[in-house]
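Text of model35.cif, listed as mmCIF, C-alpha atoms and all ligand atoms:
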data_coords
#
loop_
_atom_site.label_atom_id
_atom_site.label_comp_id
_atom_site.auth_asym_id
_atom_site.auth_seq_id
_atom_site.Cartn_x
_atom_site.Cartn_y
_atom_site.Cartn_z
CA MET A 257 0.00 0.00 0.00
CA VAL A 258 2.61 2.51 1.09
CA ASN A 259 4.75 1.69 -1.93
CA GLU A 260 1.90 2.96 -4.10
CA TYR A 261 2.46 6.34 -2.44
CA PRO A 262 6.24 6.69 -2.55
CA TRP A 263 6.39 9.98 -0.62
CA LEU A 264 5.05 8.09 2.41
CA GLU A 265 7.96 5.65 2.48
CA PRO A 266 10.36 7.67 4.68
CA PHE A 267 7.62 8.04 7.30
CA TRP A 268 6.88 4.34 7.08
CA GLU A 269 10.53 3.48 7.61
CA ARG A 270 10.76 5.80 10.58
CA LEU A 271 7.74 4.39 12.37
CA THR A 272 8.40 0.74 11.64
CA ALA A 273 11.96 1.26 12.93
CA ALA A 274 10.47 2.72 16.13
CA HIS A 275 8.30 -0.37 16.38
CA ARG A 276 11.31 -2.63 15.94
CA GLN A 277 13.07 -0.79 18.76
CA HIS A 278 10.01 -1.04 21.01
CA ARG A 279 9.50 2.69 21.07
CA PHE A 280 6.39 3.03 18.97
CA PRO A 281 4.37 5.87 20.53
CA HIS A 282 1.12 5.17 22.40
CA ALA A 283 -0.38 8.20 20.71
CA LEU A 284 0.55 9.40 17.29
CA LEU A 285 -0.64 12.61 15.69
CA LEU A 286 -0.41 12.50 11.90
CA THR A 287 -0.55 15.98 10.45
CA GLY A 288 0.01 17.50 7.02
CA GLN A 289 -2.28 19.11 4.52
CA HIS A 290 -5.22 17.47 2.77
CA GLY A 291 -4.32 15.06 0.02
CA MET A 292 -1.10 13.71 1.54
CA GLY A 293 -2.54 10.26 2.21
CA LYS A 294 -2.55 10.55 6.01
CA THR A 295 -5.59 8.31 6.49
CA VAL A 296 -4.33 5.64 4.10
CA PHE A 297 -1.06 5.76 6.01
CA ALA A 298 -2.79 5.50 9.41
CA ASP A 299 -4.77 2.48 8.23
CA GLU A 300 -1.67 0.78 6.90
CA LEU A 301 0.09 1.34 10.22
CA ALA A 302 -2.89 -0.18 12.03
CA ARG A 303 -2.81 -3.17 9.71
CA PHE A 304 0.93 -3.53 10.33
CA LEU A 305 0.63 -3.34 14.13
CA LEU A 306 -2.19 -5.88 14.15
CA CYS A 307 -0.64 -8.30 11.63
CA GLU A 308 0.07 -11.73 13.11
CA SER A 309 3.07 -12.50 10.91
CA PRO A 310 4.83 -9.16 10.58
CA THR A 311 8.20 -8.89 8.87
CA ASP A 312 10.57 -6.16 9.96
CA GLY A 313 9.73 -2.89 8.28
CA MET A 314 7.77 -4.70 5.57
CA PRO A 315 4.13 -4.14 4.71
CA PRO A 316 1.60 -6.25 6.64
CA CYS A 317 1.30 -9.83 5.30
CA ARG A 318 -2.33 -9.48 4.13
CA GLN A 319 -2.85 -13.22 4.69
CA CYS A 320 -3.06 -13.86 8.41
CA THR A 321 -6.38 -13.88 10.27
CA SER A 322 -5.89 -10.33 11.46
CA CYS A 323 -5.09 -8.97 7.98
CA THR A 324 -8.01 -10.89 6.48
CA LEU A 325 -10.41 -9.53 9.08
CA PHE A 326 -8.99 -6.07 8.51
CA ALA A 327 -9.63 -6.29 4.78
CA ALA A 328 -13.20 -7.38 5.51
CA GLY A 329 -13.66 -4.35 7.79
CA SER A 330 -14.21 -6.53 10.85
CA ASN A 331 -10.96 -6.69 12.79
CA PRO A 332 -12.10 -6.58 16.43
CA ASP A 333 -8.87 -4.87 17.53
CA TYR A 334 -9.24 -1.97 15.13
CA PHE A 335 -11.40 1.05 15.91
CA ARG A 336 -12.14 4.07 13.87
CA LEU A 337 -13.74 7.24 15.16
CA THR A 338 -15.16 9.71 12.67
CA PRO A 339 -17.99 12.22 13.01
CA ALA A 340 -21.37 10.47 13.00
CA GLU A 341 -23.22 10.79 9.69
CA ASP A 342 -25.56 13.52 10.83
CA SER A 343 -22.87 15.48 12.60
CA ARG A 344 -19.59 17.26 12.03
CA VAL A 345 -18.14 16.44 15.39
CA ILE A 346 -16.85 13.39 17.21
CA LYS A 347 -18.95 13.19 20.35
CA ILE A 348 -18.17 12.22 23.92
CA ASP A 349 -20.27 9.05 23.72
CA GLN A 350 -18.12 7.81 20.88
CA VAL A 351 -14.94 8.45 22.88
CA ARG A 352 -16.39 6.77 26.00
CA GLN A 353 -17.30 3.70 23.99
CA LEU A 354 -13.81 3.65 22.52
CA SER A 355 -12.17 3.84 25.98
CA GLU A 356 -14.29 0.93 27.06
CA ASP A 357 -13.40 -1.10 23.97
CA LEU A 358 -9.71 -0.37 24.42
CA SER A 359 -9.75 -1.55 28.01
CA LEU A 360 -10.70 -5.09 26.92
CA THR A 361 -8.10 -7.69 26.00
CA SER A 362 -6.94 -7.88 22.43
CA HIS A 363 -8.32 -10.69 20.26
CA GLY A 364 -5.17 -11.06 18.22
CA ASN A 365 -1.45 -10.43 18.71
CA GLY A 366 -1.90 -8.11 21.68
CA TYR A 367 -2.27 -4.76 19.97
CA LYS A 368 -5.35 -2.59 19.70
CA VAL A 369 -5.38 0.35 17.38
CA ALA A 370 -7.78 3.28 17.18
CA ILE A 371 -7.79 5.89 14.44
CA LEU A 372 -9.47 9.23 15.05
CA THR A 373 -10.05 11.15 11.87
CA PRO A 374 -10.27 14.08 11.57
CA ALA A 375 -9.13 14.45 15.17
CA ASP A 376 -9.94 18.17 15.10
CA ALA A 377 -13.61 17.15 14.90
CA LEU A 378 -13.49 16.11 18.58
CA ASN A 379 -15.74 18.48 20.47
CA ILE A 380 -14.48 19.86 23.76
CA ASN A 381 -16.16 17.23 25.93
CA ALA A 382 -14.98 14.43 23.71
CA ALA A 383 -11.44 15.84 23.79
CA ASN A 384 -11.50 15.97 27.60
CA SER A 385 -12.70 12.42 27.74
CA LEU A 386 -9.98 11.30 25.33
CA LEU A 387 -7.40 13.00 27.52
CA LYS A 388 -7.94 10.39 30.23
CA THR A 389 -7.20 7.61 27.78
CA LEU A 390 -4.09 9.45 26.63
CA GLU A 391 -2.88 10.00 30.18
CA GLU A 392 -3.26 6.39 31.24
CA PRO A 393 -2.56 4.37 28.11
CA SER A 394 -3.09 0.66 28.44
CA ASP A 395 -0.36 -1.66 27.18
CA ASN A 396 -0.19 -2.26 23.45
CA THR A 397 -2.84 0.31 22.72
CA VAL A 398 -2.08 2.76 19.95
CA LEU A 399 -4.14 5.84 19.21
CA VAL A 400 -3.59 7.50 15.87
CA LEU A 401 -5.02 11.00 15.56
CA VAL A 402 -5.21 12.34 12.03
CA SER A 403 -5.55 16.05 11.40
CA ALA A 404 -4.85 18.56 8.66
CA HIS A 405 -5.53 21.32 11.24
CA PRO A 406 -3.65 20.32 14.38
CA ALA A 407 -3.81 23.89 15.74
CA ARG A 408 -7.52 23.29 16.33
CA LEU A 409 -6.72 20.52 18.80
CA PRO A 410 -6.43 21.38 22.49
CA ALA A 411 -2.79 21.81 23.53
CA THR A 412 -3.34 19.19 26.23
CA ILE A 413 -4.10 16.62 23.54
CA ARG A 414 -1.29 17.64 21.24
CA SER A 415 1.32 17.58 23.96
CA ARG A 416 0.49 13.96 24.72
CA CYS A 417 0.93 12.78 21.14
CA GLN A 418 4.02 12.29 19.06
CA GLU A 419 3.46 14.40 15.98
CA VAL A 420 4.54 13.19 12.57
CA ARG A 421 4.06 15.72 9.83
CA ILE A 422 3.45 13.99 6.50
CA GLN A 423 4.95 15.92 3.59
CA ALA A 424 5.91 15.26 0.00
CA THR A 425 9.01 17.33 -0.51
CA ASP A 426 10.42 15.62 -3.59
CA ARG A 427 8.62 17.40 -6.46
CA GLU A 428 10.21 15.21 -9.12
CA LEU A 429 8.86 12.14 -7.40
CA THR A 430 5.31 13.45 -7.00
CA ASN A 431 5.22 14.75 -10.57
CA ARG A 432 6.24 11.32 -11.82
CA TRP A 433 3.70 9.65 -9.55
CA LEU A 434 0.86 11.79 -10.86
CA ALA A 435 1.95 11.26 -14.45
CA THR A 436 1.48 7.50 -14.05
CA ARG A 437 -2.09 7.98 -12.84
CA TYR A 438 -3.30 10.77 -15.00
CA ALA A 439 -2.66 10.81 -18.72
CA GLY A 440 -3.56 14.43 -19.41
CA PRO A 441 -1.25 17.39 -19.88
CA SER A 442 0.90 19.10 -17.21
CA PRO A 443 0.80 16.91 -14.12
CA GLU A 444 3.30 19.31 -12.56
CA MET A 445 0.74 22.09 -12.82
CA TYR A 446 -1.75 20.11 -10.76
CA ILE A 447 0.89 19.24 -8.17
CA ALA A 448 1.65 22.95 -7.88
CA LEU A 449 -2.06 23.84 -7.67
CA ALA A 450 -2.45 21.35 -4.84
CA ASN A 451 0.53 22.82 -2.95
CA GLY A 452 2.44 19.62 -3.48
CA ALA A 453 -0.22 17.30 -2.03
CA PRO A 454 -0.27 14.40 -4.51
CA LEU A 455 -3.73 12.95 -3.84
CA GLN A 456 -5.29 16.40 -3.92
CA ALA A 457 -3.51 17.01 -7.25
CA LEU A 458 -4.90 13.75 -8.63
CA LYS A 459 -8.40 14.79 -7.60
CA LEU A 460 -8.04 18.15 -9.31
CA ALA A 461 -6.70 16.55 -12.46
CA GLN A 462 -9.54 14.05 -12.57
CA GLU A 463 -12.16 16.74 -12.10
CA GLN A 464 -10.63 18.71 -14.92
CA ALA A 465 -10.67 15.59 -17.08
CA LEU A 466 -14.31 15.10 -16.21
CA GLU A 467 -15.15 18.61 -17.32
CA GLU A 468 -13.35 18.03 -20.56
CA ARG A 469 -15.19 14.77 -21.12
CA GLN A 470 -18.50 16.52 -20.67
CA ARG A 471 -17.45 19.23 -23.08
CA ARG A 472 -16.57 16.59 -25.68
CA PHE A 473 -19.84 14.79 -25.20
CA ARG A 474 -21.71 18.07 -25.53
CA ALA A 475 -19.93 18.63 -28.85
CA LEU A 476 -21.27 15.30 -30.15
CA VAL A 477 -24.79 16.20 -29.05
CA ASP A 478 -24.48 19.60 -30.71
CA ILE A 479 -23.25 18.04 -33.96
CA LEU A 480 -26.32 15.82 -34.02
CA ALA A 481 -28.54 18.83 -33.41
CA GLY A 482 -26.85 20.67 -36.26
CA GLN A 483 -25.51 23.29 -33.88
CA GLU A 484 -21.84 22.45 -34.24
CA SER A 485 -19.72 21.76 -37.27
CA PRO A 486 -18.26 18.24 -37.40
CA LEU A 487 -15.25 19.65 -39.26
CA THR A 488 -14.40 22.13 -36.53
CA VAL A 489 -14.73 19.46 -33.87
CA ALA A 490 -12.66 17.01 -35.92
CA GLU A 491 -9.85 19.52 -36.15
CA GLY A 492 -9.67 19.86 -32.36
CA TRP A 493 -10.00 16.13 -31.68
CA ALA A 494 -7.36 15.15 -34.20
CA GLU A 495 -4.81 17.24 -32.31
CA ASP A 496 -5.27 15.18 -29.16
CA GLU A 497 -2.03 13.62 -28.12
CA ASN A 498 -3.53 10.20 -27.41
CA LEU A 499 -6.86 10.63 -29.20
CA LYS A 500 -8.69 11.04 -25.92
CA GLY A 501 -11.87 12.27 -27.60
CA LEU A 502 -11.97 9.30 -29.90
CA ARG A 503 -11.33 6.86 -27.04
CA TRP A 504 -14.17 8.39 -25.09
CA MET A 505 -16.37 8.24 -28.17
CA ARG A 506 -15.68 4.52 -28.41
CA GLU A 507 -16.78 4.06 -24.79
CA TRP A 508 -19.89 6.09 -25.40
CA LEU A 509 -20.84 4.13 -28.50
CA MET A 510 -20.46 0.89 -26.58
CA ASP A 511 -22.54 2.35 -23.76
CA MET A 512 -25.28 3.42 -26.15
CA LEU A 513 -25.34 -0.05 -27.65
CA ARG A 514 -25.57 -1.59 -24.23
CA ILE A 515 -28.41 0.70 -23.22
CA ARG A 516 -30.17 0.16 -26.52
CA LEU A 517 -29.87 -3.62 -26.38
CA SER A 518 -30.49 -4.20 -22.68
CA GLY A 519 -32.70 -1.22 -21.92
CA GLN A 520 -30.55 -0.55 -18.87
CA THR A 521 -27.72 1.77 -17.90
CA GLN A 522 -26.23 -0.76 -15.52
CA GLY A 523 -22.56 -1.49 -16.20
CA ILE A 524 -21.92 1.36 -18.61
CA HIS A 525 -18.59 3.24 -18.61
CA GLY A 526 -20.04 6.72 -18.80
CA ILE A 527 -21.76 6.93 -15.45
CA ASP A 528 -21.08 10.69 -15.51
CA LEU A 529 -23.15 11.00 -18.70
CA GLN A 530 -25.85 8.46 -18.02
CA ASP A 531 -28.80 10.69 -18.95
CA GLY A 532 -27.30 12.05 -22.14
CA LEU A 533 -26.26 8.57 -23.25
CA SER A 534 -29.77 7.23 -22.62
CA VAL A 535 -31.31 9.98 -24.73
CA LEU A 536 -28.92 9.27 -27.60
CA ALA A 537 -29.37 5.52 -27.27
CA ARG A 538 -33.08 5.96 -27.88
CA LYS A 539 -32.48 8.05 -30.97
CA LEU A 540 -29.86 5.98 -32.74
CA ASP A 541 -30.31 2.65 -34.43
CA SER A 542 -28.10 -0.27 -33.27
CA ARG A 543 -26.85 -0.87 -36.80
CA VAL A 544 -25.75 2.72 -37.04
CA LEU A 545 -24.03 2.49 -33.69
CA PHE A 546 -22.18 -0.68 -34.70
CA GLY A 547 -21.09 1.01 -37.92
CA LEU A 548 -19.74 4.01 -36.07
CA LEU A 549 -17.99 1.81 -33.53
CA ASP A 550 -16.28 -0.04 -36.36
CA GLY A 551 -15.04 3.22 -37.81
CA VAL A 552 -13.73 4.40 -34.45
CA ASN A 553 -11.95 1.11 -33.81
CA ARG A 554 -10.37 1.21 -37.24
CA MET A 555 -9.10 4.70 -36.68
CA LEU A 556 -7.71 3.86 -33.24
CA LYS A 557 -5.78 0.97 -34.79
CA LEU A 558 -4.31 3.16 -37.49
CA ALA A 559 -3.78 6.21 -35.33
CA ASP A 560 -0.07 5.64 -34.88
CA SER A 561 0.61 5.36 -38.57
CA THR A 562 1.28 8.36 -40.76
CA LEU A 563 -2.25 8.47 -42.16
CA ASN A 564 -3.98 11.77 -41.96
CA ARG A 565 -5.57 11.80 -38.57
CA GLN A 566 -7.69 14.80 -39.21
CA MET A 567 -9.20 13.30 -42.34
CA MET A 568 -10.12 10.14 -40.44
CA MET A 569 -11.57 12.15 -37.63
CA GLU A 570 -13.62 14.12 -40.13
CA ASP A 571 -14.92 10.89 -41.67
CA ILE A 572 -16.13 9.65 -38.32
CA LEU A 573 -17.71 12.88 -37.20
CA LEU A 574 -19.35 13.44 -40.59
CA ALA A 575 -20.84 9.96 -40.31
CA TRP A 576 -22.00 10.86 -36.84
CA ALA A 577 -23.51 14.13 -38.05
CA GLU A 578 -25.58 12.27 -40.62
CA GLN A 579 -27.50 10.50 -37.89
CA THR A 580 -29.74 13.46 -37.34
CA SER A 581 -32.91 12.48 -35.64
ZN ZN B 601 -0.95 -10.21 8.53
#
Translate the structure described by the file into structure tokens.
Amino acid sequence: MVNEYPWLEPFWERLTAAHRQHRFPHALLLTGQHGMGKTVFADELARFLLCESPTDGMPPCRQCTSCTLFAAGSNPDYFRLTPAEDSRVIKIDQVRQLSEDLSLTSHGNGYKVAILTPADALNINAANSLLKTLEEPSDNTVLVLVSAHPARLPATIRSRCQEVRIQATDRELTNRWLATRYAGPSPEMYIALANGAPLQALKLAQEQALEERQRRFRALVDILAGQESPLTVAEGWAEDENLKGLRWMREWLMDMLRIRLSGQTQGIHGIDLQDGLSVLARKLDSRVLFGLLDGVNRMLKLADSTLNRQMMMEDILLAWAEQTS
């Protein structure tokens, strides 16, 4: 897990080394801005501490009873406190229940781990109640508080936790990481926009991609309605580095066929465009859709050759434009 987020590795090494030397803190405060992967990291630490066949510094085994239960969301030695659904705060009752749970014997290898996220959601009563647990920690109990805004926590809480500030300082590394998960232009721009927080950057990039997808889909709808020129659109789409528009169009054609043939939107790719795809699926004949899909597939196969991309794109979009309803 942590190796999927390479900027977390130094923190992982530090804490697993502390564990090896029997000085893992009873209370850990993970801080750092949004989108650093703090919660993923906290969960992985919990999994590691609870694992029944741990290997020094290595990720948890993912095979023992504890790891299996963890994956199923039912490890009895793992607790997670978050604000209740109808609330923005972690309440005193939740903390009291946690203290009670932590006072019982562990079911597994001895450890019990509780994650509080976001810890700054503890209201004042809940924080006071937690203080008691922090002051008299039971053996092998680890509390992990996660917060992007540690200044909002009472000083009494903070002073009883060991703070680890999660950062991603190696820009090269995070740029490369984002580039492997997002195929669009300028990953470094998104990393910068997100102040260096990789997961936040990925979210931004994906939202942008979503907007672009919707714009492309709108163009197809407008072509059909005679409100957009297929030639203008073809010019733009042919310039795509990896023919993104055409790849999306292939997905959409398959979705329309699926909707048309099954009468359902279940299992389609374009869940973001469900309504628009359903409308089009009703308008277009399956034979027409198959024909268009053929053309798109042919073009995608030939796209790397020297053939004139724009001309092929025009062919497809002109064929599309002819399907006026
Ligand atoms: Zn395990």
Restrict the calculation to only C-alpha atoms and all ligand atoms, then for each residue of chain A with any atom at most 12 Å from an atom of ligand ZN 601 (chain B) give the closest atom pair and their distance in Å to one decimal, rows by chain and rising residue number, as JSON lines.
{"residue": "A:Glu300", "atom": "CA", "partner": "B:ZN601", "partner_atom": "ZN", "distance": 11.1}
{"residue": "A:Leu301", "atom": "CA", "partner": "B:ZN601", "partner_atom": "ZN", "distance": 11.7}
{"residue": "A:Ala302", "atom": "CA", "partner": "B:ZN601", "partner_atom": "ZN", "distance": 10.8}
{"residue": "A:Arg303", "atom": "CA", "partner": "B:ZN601", "partner_atom": "ZN", "distance": 7.4}
{"residue": "A:Phe304", "atom": "CA", "partner": "B:ZN601", "partner_atom": "ZN", "distance": 7.2}
{"residue": "A:Leu305", "atom": "CA", "partner": "B:ZN601", "partner_atom": "ZN", "distance": 9.0}
{"residue": "A:Leu306", "atom": "CA", "partner": "B:ZN601", "partner_atom": "ZN", "distance": 7.2}
{"residue": "A:Cys307", "atom": "CA", "partner": "B:ZN601", "partner_atom": "ZN", "distance": 3.7}
{"residue": "A:Glu308", "atom": "CA", "partner": "B:ZN601", "partner_atom": "ZN", "distance": 4.9}
{"residue": "A:Ser309", "atom": "CA", "partner": "B:ZN601", "partner_atom": "ZN", "distance": 5.2}
{"residue": "A:Pro310", "atom": "CA", "partner": "B:ZN601", "partner_atom": "ZN", "distance": 6.2}
{"residue": "A:Thr311", "atom": "CA", "partner": "B:ZN601", "partner_atom": "ZN", "distance": 9.3}
{"residue": "A:Met314", "atom": "CA", "partner": "B:ZN601", "partner_atom": "ZN", "distance": 10.7}
{"residue": "A:Pro315", "atom": "CA", "partner": "B:ZN601", "partner_atom": "ZN", "distance": 8.8}
{"residue": "A:Pro316", "atom": "CA", "partner": "B:ZN601", "partner_atom": "ZN", "distance": 5.1}
{"residue": "A:Cys317", "atom": "CA", "partner": "B:ZN601", "partner_atom": "ZN", "distance": 4.0}
{"residue": "A:Arg318", "atom": "CA", "partner": "B:ZN601", "partner_atom": "ZN", "distance": 4.7}
{"residue": "A:Gln319", "atom": "CA", "partner": "B:ZN601", "partner_atom": "ZN", "distance": 5.2}
{"residue": "A:Cys320", "atom": "CA", "partner": "B:ZN601", "partner_atom": "ZN", "distance": 4.2}
{"residue": "A:Thr321", "atom": "CA", "partner": "B:ZN601", "partner_atom": "ZN", "distance": 6.8}
{"residue": "A:Ser322", "atom": "CA", "partner": "B:ZN601", "partner_atom": "ZN", "distance": 5.7}
{"residue": "A:Cys323", "atom": "CA", "partner": "B:ZN601", "partner_atom": "ZN", "distance": 4.4}
{"residue": "A:Thr324", "atom": "CA", "partner": "B:ZN601", "partner_atom": "ZN", "distance": 7.4}
{"residue": "A:Leu325", "atom": "CA", "partner": "B:ZN601", "partner_atom": "ZN", "distance": 9.5}
{"residue": "A:Phe326", "atom": "CA", "partner": "B:ZN601", "partner_atom": "ZN", "distance": 9.0}
{"residue": "A:Ala327", "atom": "CA", "partner": "B:ZN601", "partner_atom": "ZN", "distance": 10.2}
{"residue": "A:Asn331", "atom": "CA", "partner": "B:ZN601", "partner_atom": "ZN", "distance": 11.4}
{"residue": "A:Gly364", "atom": "CA", "partner": "B:ZN601", "partner_atom": "ZN", "distance": 10.6}
{"residue": "A:Asn365", "atom": "CA", "partner": "B:ZN601", "partner_atom": "ZN", "distance": 10.2}
Quiz item: Distance atom CA of A:Ala439-atom CA of A:Leu502, one decimal place?
Solution: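 Straight-line distance from atom CA of A:Ala439 to atom CA of A:Leu502 works out to 14.6 Å.
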Quiz item: Of the residues A:Ser442, A:Asn396, A:Thr521, A:Thr338, which is the one nearest to A:Pro374, using all atoms listed in the file?
Solution: A:Thr338
Quiz item: Counting all atoms listed in the file, what is within 7 Å of stretch 289-298 of chain A, bar same-chain residues fewer than 3 positions away, as a ChimeraX atom specification?
Solution: /A:258,286,301-302,400,402,404,422-423,453-456
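With all atoms listed in the file as the basis for measurement, A:Pro281 is the residue among A:Pro281, A:Gly440, A:Gly501, A:Gly288 that approaches A:Asp395 most closely.
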Quiz prompt | From A:Leu548, A:Val477, A:Leu558, A:Pro266, residue lying nearest A:Ala575 [only C-alpha atoms] | solution =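 The shortest atom-to-atom distance to A:Ala575 comes from A:Leu548.
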Quiz item: Suppose you want the space between atom CA of A:Glu391 and atom CA of A:Lys368; what is it in Å?
Solution: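 Separating atom CA of A:Glu391 from atom CA of A:Lys368 is a distance of 16.6 Å.
Take atom CA of A:Ala370 and atom CA of A:Ser394: the distance between them is 12.5 Å.
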Where atoms are absent from stretch 545-558 of chain A, fill them in so it carries N, CA and C atoms, then output it as a PDB file, in the frame of the given file.
ATOM      1  N   LEU A 545     -25.009   2.447 -34.767  1.00  0.00           N
ATOM      2  CA  LEU A 545     -24.030   2.490 -33.690  1.00  0.00           C
ATOM      3  C   LEU A 545     -22.881   1.519 -33.925  1.00  0.00           C
ATOM      4  N   PHE A 546     -23.219   0.300 -34.388  1.00  0.00           N
ATOM      5  CA  PHE A 546     -22.180  -0.680 -34.700  1.00  0.00           C
ATOM      6  C   PHE A 546     -21.260  -0.166 -35.802  1.00  0.00           C
ATOM      7  N   GLY A 547     -21.867   0.460 -36.816  1.00  0.00           N
ATOM      8  CA  GLY A 547     -21.090   1.010 -37.920  1.00  0.00           C
ATOM      9  C   GLY A 547     -20.112   2.070 -37.448  1.00  0.00           C
ATOM     10  N   LEU A 548     -20.592   2.958 -36.599  1.00  0.00           N
ATOM     11  CA  LEU A 548     -19.740   4.010 -36.070  1.00  0.00           C
ATOM     12  C   LEU A 548     -18.619   3.432 -35.207  1.00  0.00           C
ATOM     13  N   LEU A 549     -18.980   2.441 -34.398  1.00  0.00           N
ATOM     14  CA  LEU A 549     -17.990   1.810 -33.530  1.00  0.00           C
ATOM     15  C   LEU A 549     -16.882   1.167 -34.353  1.00  0.00           C
ATOM     16  N   ASP A 550     -17.260   0.538 -35.439  1.00  0.00           N
ATOM     17  CA  ASP A 550     -16.280  -0.040 -36.360  1.00  0.00           C
ATOM     18  C   ASP A 550     -15.302   1.013 -36.852  1.00  0.00           C
ATOM     19  N   GLY A 551     -15.870   2.132 -37.290  1.00  0.00           N
ATOM     20  CA  GLY A 551     -15.040   3.220 -37.810  1.00  0.00           C
ATOM     21  C   GLY A 551     -14.077   3.738 -36.745  1.00  0.00           C
ATOM     22  N   VAL A 552     -14.570   3.897 -35.546  1.00  0.00           N
ATOM     23  CA  VAL A 552     -13.730   4.400 -34.450  1.00  0.00           C
ATOM     24  C   VAL A 552     -12.608   3.405 -34.152  1.00  0.00           C
ATOM     25  N   ASN A 553     -12.960   2.138 -34.088  1.00  0.00           N
ATOM     26  CA  ASN A 553     -11.950   1.110 -33.810  1.00  0.00           C
ATOM     27  C   ASN A 553     -10.873   1.080 -34.887  1.00  0.00           C
ATOM     28  N   ARG A 554     -11.325   1.209 -36.124  1.00  0.00           N
ATOM     29  CA  ARG A 554     -10.370   1.210 -37.240  1.00  0.00           C
ATOM     30  C   ARG A 554      -9.400   2.373 -37.097  1.00  0.00           C
ATOM     31  N   MET A 555      -9.958   3.523 -36.789  1.00  0.00           N
ATOM     32  CA  MET A 555      -9.100   4.700 -36.680  1.00  0.00           C
ATOM     33  C   MET A 555      -8.130   4.564 -35.510  1.00  0.00           C
ATOM     34  N   LEU A 556      -8.596   4.014 -34.396  1.00  0.00           N
ATOM     35  CA  LEU A 556      -7.710   3.860 -33.240  1.00  0.00           C
ATOM     36  C   LEU A 556      -6.554   2.921 -33.570  1.00  0.00           C
ATOM     37  N   LYS A 557      -6.831   1.906 -34.401  1.00  0.00           N
ATOM     38  CA  LYS A 557      -5.780   0.970 -34.790  1.00  0.00           C
ATOM     39  C   LYS A 557      -4.730   1.648 -35.656  1.00  0.00           C
ATOM     40  N   LEU A 558      -5.207   2.529 -36.533  1.00  0.00           N
ATOM     41  CA  LEU A 558      -4.310   3.160 -37.490  1.00  0.00           C
ATOM     42  C   LEU A 558      -3.693   4.454 -36.968  1.00  0.00           C
TER      43      LEU A 558
END
